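Structure data follow from input_21.txt (compact mmCIF, C-alpha atoms and all ligand atoms):
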# COMPACT_ATOMS: atom_id res chain seq x y z
CA MET A 1 61.04 69.16 81.85
CA SER A 2 64.27 71.14 81.89
CA PRO A 3 66.48 70.85 84.99
CA ILE A 4 65.78 73.37 87.76
CA LEU A 5 69.51 74.03 88.15
CA GLN A 6 72.37 73.59 85.74
CA ALA A 7 76.04 74.37 86.37
CA GLU A 8 78.48 74.29 83.47
CA GLY A 9 82.26 74.39 83.75
CA LEU A 10 82.40 76.12 87.13
CA GLN A 11 85.87 77.10 88.27
CA LYS A 12 87.02 78.82 91.44
CA ASN A 13 90.53 79.25 92.80
CA PHE A 14 91.63 80.78 96.07
CA GLY A 15 95.33 81.50 95.48
CA ALA A 16 96.89 78.08 94.91
CA VAL A 17 93.79 76.24 96.17
CA THR A 18 91.41 74.87 93.56
CA ALA A 19 87.97 74.90 95.21
CA ALA A 20 86.15 74.15 91.93
CA ALA A 21 88.04 72.62 89.02
CA ASP A 22 85.47 72.16 86.26
CA ILE A 23 82.10 71.38 87.74
CA SER A 24 79.17 70.59 85.45
CA LEU A 25 76.00 69.30 87.11
CA ALA A 26 72.28 69.33 86.37
CA PHE A 27 69.50 68.86 88.92
CA GLU A 28 66.00 67.65 88.10
CA ARG A 29 62.95 69.29 89.62
CA GLU A 30 61.85 67.89 92.98
CA ALA A 31 64.99 65.77 93.31
CA VAL A 32 66.56 65.18 96.74
CA VAL A 33 70.33 65.15 96.31
CA SER A 34 73.16 64.86 98.82
CA LEU A 35 76.61 66.40 98.35
CA ILE A 36 79.36 64.55 100.16
CA GLY A 37 83.12 64.96 100.47
CA ALA A 38 85.86 65.48 103.05
CA ASN A 39 86.42 68.93 104.58
CA GLY A 40 87.86 71.26 101.96
CA ALA A 41 86.51 69.25 99.00
CA GLY A 42 84.57 72.24 97.63
CA LYS A 43 80.98 71.54 98.71
CA THR A 44 80.31 74.91 100.35
CA THR A 45 82.11 76.70 97.52
CA PHE A 46 79.64 75.12 95.10
CA LEU A 47 76.69 76.29 97.22
CA ASN A 48 78.26 79.75 97.55
CA MET A 49 78.61 80.11 93.79
CA VAL A 50 75.03 78.97 93.18
CA THR A 51 73.64 81.37 95.79
CA GLY A 52 75.68 84.38 94.65
CA TYR A 53 77.96 84.60 97.71
CA LEU A 54 80.96 83.82 95.50
CA ARG A 55 81.47 84.63 91.86
CA PRO A 56 82.95 81.74 89.84
CA ASP A 57 86.18 82.49 87.93
CA ALA A 58 84.58 80.76 84.95
CA GLY A 59 81.43 78.87 84.07
CA ARG A 60 77.69 79.31 83.90
CA ILE A 61 74.83 78.68 86.31
CA ARG A 62 71.24 78.48 85.04
CA PHE A 63 68.34 78.38 87.46
CA ASP A 64 64.81 77.92 86.20
CA GLY A 65 65.73 79.42 82.83
CA ARG A 66 67.82 82.34 84.13
CA ASP A 67 71.56 82.98 84.38
CA LEU A 68 72.66 83.46 87.97
CA VAL A 69 76.31 84.50 87.73
CA GLY A 70 76.68 88.16 88.64
CA ARG A 71 73.43 88.38 90.60
CA ALA A 72 73.44 89.27 94.30
CA PRO A 73 72.34 86.70 96.92
CA ARG A 74 69.18 88.65 97.72
CA GLU A 75 68.17 88.72 94.05
CA ILE A 76 68.81 84.97 93.74
CA THR A 77 66.66 84.29 96.81
CA ALA A 78 63.87 86.31 95.22
CA LEU A 79 64.08 84.07 92.14
CA GLY A 80 63.25 81.06 94.32
CA LEU A 81 66.50 79.72 95.70
CA SER A 82 66.98 79.59 99.49
CA ARG A 83 69.71 78.17 101.70
CA SER A 84 70.52 77.29 105.26
CA PHE A 85 74.01 77.51 106.69
CA GLN A 86 76.54 75.18 108.33
CA ILE A 87 76.31 77.54 111.30
CA PRO A 88 72.70 78.73 111.61
CA GLN A 89 72.34 82.43 110.76
CA LEU A 90 69.85 83.46 113.44
CA PHE A 91 69.05 86.61 115.38
CA GLN A 92 70.34 85.25 118.69
CA SER A 93 68.48 87.54 121.06
CA LEU A 94 65.16 87.30 119.23
CA SER A 95 62.70 84.51 119.92
CA VAL A 96 62.00 81.68 117.51
CA ARG A 97 58.73 83.35 116.49
CA GLU A 98 60.44 86.73 116.01
CA ASN A 99 63.13 85.14 113.82
CA LEU A 100 60.42 83.74 111.55
CA LEU A 101 58.62 87.09 111.48
CA VAL A 102 61.82 88.86 110.43
CA ALA A 103 62.38 86.31 107.64
CA GLU A 104 58.79 86.84 106.49
CA GLY A 105 59.24 90.60 106.53
CA ILE A 106 62.34 90.27 104.33
CA ALA A 107 60.49 87.92 101.97
CA GLY A 108 57.55 90.29 101.78
CA ALA A 109 55.19 87.53 102.94
CA GLU A 110 51.51 88.17 103.50
CA ARG A 111 49.42 86.92 106.43
CA VAL A 112 52.58 86.53 108.46
CA GLU A 113 50.93 85.37 111.69
CA GLU A 114 49.28 82.40 109.95
CA ALA A 115 52.43 81.59 107.98
CA THR A 116 54.49 81.67 111.19
CA ASP A 117 52.10 79.39 113.05
CA ALA A 118 52.11 76.95 110.13
CA LEU A 119 55.91 76.79 110.11
CA LEU A 120 56.12 76.41 113.90
CA GLU A 121 53.73 73.49 113.57
CA LYS A 122 55.46 71.86 110.59
CA PHE A 123 58.86 71.97 112.28
CA ASP A 124 57.55 70.96 115.70
CA LEU A 125 58.83 74.28 117.10
CA ALA A 126 55.66 75.58 118.76
CA SER A 127 56.88 74.81 122.28
CA TYR A 128 60.03 76.90 121.63
CA ALA A 129 58.24 79.84 119.97
CA GLY A 130 58.87 82.34 122.77
CA ARG A 131 62.46 81.33 123.57
CA ALA A 132 65.57 83.23 122.48
CA ALA A 133 67.25 81.55 119.50
CA GLY A 134 70.72 81.93 121.00
CA LEU A 135 69.87 79.77 123.99
CA LEU A 136 68.37 76.79 122.18
CA PRO A 137 69.92 73.36 121.55
CA GLU A 138 71.75 73.10 118.22
CA GLY A 139 69.15 70.75 116.69
CA ILE A 140 66.37 73.28 117.32
CA ARG A 141 68.52 76.08 115.91
CA LYS A 142 69.14 74.01 112.76
CA LEU A 143 65.40 73.45 112.32
CA LEU A 144 64.69 77.15 112.76
CA ASP A 145 67.33 78.00 110.15
CA VAL A 146 65.68 75.65 107.64
CA ALA A 147 62.21 76.96 108.50
CA MET A 148 63.47 80.51 107.81
CA ALA A 149 64.86 79.38 104.45
CA LEU A 150 61.42 78.00 103.53
CA VAL A 151 59.62 81.27 104.30
CA ALA A 152 60.35 82.52 100.78
CA GLN A 153 58.66 79.38 99.33
CA PRO A 154 61.72 78.44 97.27
CA LYS A 155 61.81 76.11 94.28
CA LEU A 156 65.31 75.01 95.30
CA LEU A 157 66.48 74.59 98.90
CA LEU A 158 70.20 74.23 99.67
CA LEU A 159 71.11 72.91 103.10
CA ASP A 160 74.73 73.06 104.24
CA GLU A 161 75.21 70.29 106.80
CA PRO A 162 71.71 70.35 108.30
CA THR A 163 72.64 67.78 110.97
CA SER A 164 76.19 68.86 111.89
CA GLY A 165 76.68 69.57 115.58
CA VAL A 166 73.58 67.55 116.44
CA ALA A 167 73.58 64.38 118.55
CA ALA A 168 73.44 61.19 116.46
CA ASP A 169 70.07 60.13 117.87
CA GLU A 170 68.47 63.48 116.92
CA LYS A 171 69.63 63.53 113.28
CA PHE A 172 66.86 61.38 111.84
CA GLY A 173 64.19 63.38 113.65
CA ILE A 174 65.55 66.62 112.17
CA MET A 175 65.73 65.21 108.65
CA ASP A 176 62.21 63.72 108.95
CA LEU A 177 60.85 67.16 109.86
CA VAL A 178 62.76 68.91 107.07
CA MET A 179 61.72 66.38 104.42
CA GLY A 180 58.15 66.37 105.71
CA ALA A 181 58.01 70.17 105.41
CA VAL A 182 59.09 70.18 101.75
CA ARG A 183 57.23 67.04 100.58
CA GLY A 184 54.58 67.76 97.97
CA GLN A 185 55.67 71.41 97.67
CA GLY A 186 57.55 70.94 94.39
CA VAL A 187 60.86 71.80 96.06
CA THR A 188 64.24 70.47 94.93
CA VAL A 189 66.57 69.82 97.87
CA LEU A 190 70.38 69.72 97.84
CA PHE A 191 71.96 68.93 101.18
CA VAL A 192 75.59 68.64 102.26
CA GLU A 193 76.01 65.78 104.71
CA HIS A 194 78.77 63.77 106.37
CA ASP A 195 76.67 61.05 107.97
CA MET A 196 76.36 58.27 105.38
CA GLU A 197 73.32 56.76 107.11
CA ILE A 198 71.50 60.06 106.59
CA VAL A 199 72.71 60.26 103.00
CA SER A 200 71.47 56.75 102.20
CA ARG A 201 68.12 57.22 103.86
CA TYR A 202 67.11 60.64 102.46
CA ALA A 203 68.90 61.18 99.13
CA ALA A 204 67.93 59.52 95.85
CA ARG A 205 71.12 60.81 94.26
CA VAL A 206 74.56 61.41 95.77
CA ILE A 207 77.37 63.56 94.37
CA ALA A 208 80.87 63.12 95.81
CA PHE A 209 83.39 65.98 95.72
CA TYR A 210 87.14 65.70 96.09
CA ASP A 211 89.66 68.46 95.54
CA GLY A 212 87.18 70.72 93.73
CA ARG A 213 86.05 67.95 91.38
CA VAL A 214 83.09 65.59 91.19
CA ILE A 215 84.45 62.06 91.62
CA ALA A 216 81.15 60.14 91.70
CA ASP A 217 77.50 60.82 90.89
CA GLY A 218 74.71 58.26 91.16
CA THR A 219 72.45 56.41 93.57
CA PRO A 220 73.60 56.15 97.21
CA ALA A 221 74.51 52.50 96.69
CA GLN A 222 76.59 53.26 93.59
CA VAL A 223 78.39 56.25 95.03
CA LEU A 224 79.08 54.94 98.53
CA ASP A 225 80.52 51.78 96.99
CA ALA A 226 82.82 53.53 94.50
CA ALA A 227 86.51 52.96 95.20
CA GLU A 228 87.48 56.65 95.00
CA VAL A 229 84.67 57.59 97.35
CA ARG A 230 85.64 54.93 99.88
CA ARG A 231 89.19 56.14 99.70
CA TYR A 232 88.76 59.93 99.69
CA VAL A 233 85.40 60.53 101.31
CA ILE A 234 84.47 57.73 103.67
CA GLY A 235 88.08 57.19 104.70
CA ASP A 236 88.13 53.44 104.31
CA GLU A 237 91.89 52.84 104.37
CA HIS A 238 91.49 49.31 103.03
CA ALA A 239 89.70 50.45 99.89
CA ALA A 240 91.37 50.68 96.50
CA ALA A 241 94.92 50.81 97.87
N1 LIG B 301 86.63 82.48 100.98
C1 LIG B 301 87.69 81.66 100.87
N2 LIG B 301 88.95 82.13 100.84
C2 LIG B 301 90.00 81.30 100.71
N3 LIG B 301 89.91 79.96 100.61
C3 LIG B 301 88.68 79.43 100.64
C4 LIG B 301 87.51 80.24 100.79
N4 LIG B 301 86.41 79.41 100.77
C5 LIG B 301 86.89 78.16 100.65
N5 LIG B 301 88.25 78.16 100.56
C6 LIG B 301 89.10 76.99 100.37
O1 LIG B 301 88.55 76.24 99.29
C7 LIG B 301 88.59 74.84 99.56
C8 LIG B 301 87.19 74.29 99.52
O2 LIG B 301 86.49 74.78 100.67
P1 LIG B 301 84.96 74.49 100.95
O3 LIG B 301 84.19 74.72 99.71
O4 LIG B 301 84.57 75.27 102.14
O5 LIG B 301 84.98 72.93 101.30
P2 LIG B 301 83.89 72.00 102.00
O6 LIG B 301 82.62 72.76 102.17
O7 LIG B 301 83.78 70.82 101.08
O8 LIG B 301 84.50 71.59 103.32
C9 LIG B 301 89.29 74.69 100.90
O9 LIG B 301 90.67 74.46 100.67
C10 LIG B 301 89.06 76.03 101.55
O10 LIG B 301 90.07 76.31 102.48
MG MG B 302 81.52 73.21 103.95
What would you get if you wrote out this structure as structure tokens?
Amino acid sequence: MSPILQAEGLQKNFGAVTAAADISLAFEREAVVSLIGANGAGKTTFLNMVTGYLRPDAGRIRFDGRDLVGRAPREITALGLSRSFQIPQLFQSLSVRENLLVAEGIAGAERVEEATDALLEKFDLASYAGRAAGLLPEGIRKLLDVAMALVAQPKLLLLDEPTSGVAADEKFGIMDLVMGAVRGQGVTVLFVEHDMEIVSRYAARVIAFYDGRVIADGTPAQVLDAAEVRRYVIGDEHAAA
């Protein structure tokens, strides 16, 4: 089958900064892929171009047979591409349940009460349902953000640092819930992650970014062992001197 997402020759500059040099990547359906790279490497810029928040200076993006460049984020979401954010985009004063109801209203979902209960259950959020989103621990807020992204029943889910700001011992629990929620749903998942234990455990493929370029692409073992990755991403000062 054709890839769900295909980027060809993506370029993006911000003044003198090259955030995307010439990025060409294809993603198979139902793959789970991690994007890694130091801060400023261009990971979020890639997600922003794919989701329509940024227009590339050059290049093409095909999603499920359609060209995406030039479409608005809302239109891209409607095509089946959802994302969560590095900083969860929640309605702080609304409860967890109300946040999900709003997301369902935007997505035009039917039978919203049942859909909401199902998501609360899947993400182990039922005990927080009535609490204001702004007052919850970061891990719970992250889960709610992902649950809201899944309301639209996307074919492709992009997660920007789903475990950042979360205590180390809570990260696996969050990823288990997220992966459990998408398993068997035919969803492709791309997630940006800094914790290499998480990357190795959940991704079948890893793509390393540096300076707006892809410097490695392969299995976790291949990529985490590559000299350039150890030098520029993992920060192993003894590597490839
Ligand atoms: N909207 C923007 N305006 C100006 N510079 C930006 C903008 N977005 C990203 N950049 C710059 O582009 C580079 C890549 O950033 P980003 O994609 O956010 O990296 P990452 O997510 O890998 O940390 C950085 O140098 C960043 O400062
Ligand atoms: Mg980022």
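Our summary of the geometry notes that CA of Ala167 in chain A is positioned 28.1 Å from CA of Leu101 in chain A.
With all atoms listed in the file as the basis for measurement, A:Val32 is the residue among A:Leu224, A:Leu100, A:Val32, A:Ala168 that approaches Tyr202 in chain A most closely.
Of the residues listed (A:Val151, A:Gly173, A:Ala109, A:Val96), A:Val96 shows the shortest atom-to-atom separation from Leu125 in chain A; distances use only C-alpha atoms.
Distances to Met196 in chain A were evaluated for A:Asp217, A:Asp225, A:Asp117, A:Glu170 using only C-alpha atoms, and the minimum falls at A:Asp225.
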Kindly work out which residues sit at most 6 Å from ligand LIG 301 (chain B), using all atoms listed in the file, and give the list as a short mmCIF file (atom, residue, chain, number, x, y, z; two decimals) with C-alpha atoms, in the coordinates of the input.
data_model
loop_
_atom_site.label_atom_id
_atom_site.label_comp_id
_atom_site.auth_asym_id
_atom_site.auth_seq_id
_atom_site.Cartn_x
_atom_site.Cartn_y
_atom_site.Cartn_z
CA PHE A 14 91.63 80.78 96.07
CA VAL A 17 93.79 76.24 96.17
CA ALA A 19 87.97 74.90 95.21
CA GLY A 37 83.12 64.96 100.47
CA ASN A 39 86.42 68.93 104.58
CA GLY A 40 87.86 71.26 101.96
CA ALA A 41 86.51 69.25 99.00
CA GLY A 42 84.57 72.24 97.63
CA LYS A 43 80.98 71.54 98.71
CA THR A 44 80.31 74.91 100.35
CA THR A 45 82.11 76.70 97.52
#
Residues of chain A within 12 Å of ligand MG 302 (chain B): nearest atom pair and distance (Å, one decimal) for each, counting only C-alpha atoms and all ligand atoms, sorted by chain and number, as JSON lines?
{"residue": "A:Ala19", "atom": "CA", "partner": "B:MG302", "partner_atom": "MG", "distance": 11.0}
{"residue": "A:Leu35", "atom": "CA", "partner": "B:MG302", "partner_atom": "MG", "distance": 10.1}
{"residue": "A:Ile36", "atom": "CA", "partner": "B:MG302", "partner_atom": "MG", "distance": 9.7}
{"residue": "A:Gly37", "atom": "CA", "partner": "B:MG302", "partner_atom": "MG", "distance": 9.1}
{"residue": "A:Ala38", "atom": "CA", "partner": "B:MG302", "partner_atom": "MG", "distance": 8.9}
{"residue": "A:Asn39", "atom": "CA", "partner": "B:MG302", "partner_atom": "MG", "distance": 6.5}
{"residue": "A:Gly40", "atom": "CA", "partner": "B:MG302", "partner_atom": "MG", "distance": 6.9}
{"residue": "A:Ala41", "atom": "CA", "partner": "B:MG302", "partner_atom": "MG", "distance": 8.1}
{"residue": "A:Gly42", "atom": "CA", "partner": "B:MG302", "partner_atom": "MG", "distance": 7.1}
{"residue": "A:Lys43", "atom": "CA", "partner": "B:MG302", "partner_atom": "MG", "distance": 5.5}
{"residue": "A:Thr44", "atom": "CA", "partner": "B:MG302", "partner_atom": "MG", "distance": 4.2}
{"residue": "A:Thr45", "atom": "CA", "partner": "B:MG302", "partner_atom": "MG", "distance": 7.3}
{"residue": "A:Phe46", "atom": "CA", "partner": "B:MG302", "partner_atom": "MG", "distance": 9.2}
{"residue": "A:Leu47", "atom": "CA", "partner": "B:MG302", "partner_atom": "MG", "distance": 8.8}
{"residue": "A:Asn48", "atom": "CA", "partner": "B:MG302", "partner_atom": "MG", "distance": 9.7}
{"residue": "A:Ser84", "atom": "CA", "partner": "B:MG302", "partner_atom": "MG", "distance": 11.8}
{"residue": "A:Phe85", "atom": "CA", "partner": "B:MG302", "partner_atom": "MG", "distance": 9.1}
{"residue": "A:Gln86", "atom": "CA", "partner": "B:MG302", "partner_atom": "MG", "distance": 6.9}
{"residue": "A:Ile87", "atom": "CA", "partner": "B:MG302", "partner_atom": "MG", "distance": 10.0}
{"residue": "A:Leu159", "atom": "CA", "partner": "B:MG302", "partner_atom": "MG", "distance": 10.4}
{"residue": "A:Asp160", "atom": "CA", "partner": "B:MG302", "partner_atom": "MG", "distance": 6.8}
{"residue": "A:Glu161", "atom": "CA", "partner": "B:MG302", "partner_atom": "MG", "distance": 7.5}
{"residue": "A:Pro162", "atom": "CA", "partner": "B:MG302", "partner_atom": "MG", "distance": 11.1}
{"residue": "A:Ser164", "atom": "CA", "partner": "B:MG302", "partner_atom": "MG", "distance": 10.5}
{"residue": "A:Phe191", "atom": "CA", "partner": "B:MG302", "partner_atom": "MG", "distance": 10.8}
{"residue": "A:Val192", "atom": "CA", "partner": "B:MG302", "partner_atom": "MG", "distance": 7.7}
{"residue": "A:Glu193", "atom": "CA", "partner": "B:MG302", "partner_atom": "MG", "distance": 9.3}
{"residue": "A:His194", "atom": "CA", "partner": "B:MG302", "partner_atom": "MG", "distance": 10.1}
{"residue": "A:Phe209", "atom": "CA", "partner": "B:MG302", "partner_atom": "MG", "distance": 11.1}
{"residue": "A:Gly212", "atom": "CA", "partner": "B:MG302", "partner_atom": "MG", "distance": 11.9}
Could you save the residues just selected, with C-alpha atoms, as a tab-separated table (two decimals), in the frame of the given file?
chain	number	residue	atom	x	y	z
A	19	ALA	CA	87.97	74.90	95.21
A	35	LEU	CA	76.61	66.40	98.35
A	36	ILE	CA	79.36	64.55	100.16
A	37	GLY	CA	83.12	64.96	100.47
A	38	ALA	CA	85.86	65.48	103.05
A	39	ASN	CA	86.42	68.93	104.58
A	40	GLY	CA	87.86	71.26	101.96
A	41	ALA	CA	86.51	69.25	99.00
A	42	GLY	CA	84.57	72.24	97.63
A	43	LYS	CA	80.98	71.54	98.71
A	44	THR	CA	80.31	74.91	100.35
A	45	THR	CA	82.11	76.70	97.52
A	46	PHE	CA	79.64	75.12	95.10
A	47	LEU	CA	76.69	76.29	97.22
A	48	ASN	CA	78.26	79.75	97.55
A	84	SER	CA	70.52	77.29	105.26
A	85	PHE	CA	74.01	77.51	106.69
A	86	GLN	CA	76.54	75.18	108.33
A	87	ILE	CA	76.31	77.54	111.30
A	159	LEU	CA	71.11	72.91	103.10
A	160	ASP	CA	74.73	73.06	104.24
A	161	GLU	CA	75.21	70.29	106.80
A	162	PRO	CA	71.71	70.35	108.30
A	164	SER	CA	76.19	68.86	111.89
A	191	PHE	CA	71.96	68.93	101.18
A	192	VAL	CA	75.59	68.64	102.26
A	193	GLU	CA	76.01	65.78	104.71
A	194	HIS	CA	78.77	63.77	106.37
A	209	PHE	CA	83.39	65.98	95.72
A	212	GLY	CA	87.18	70.72	93.73
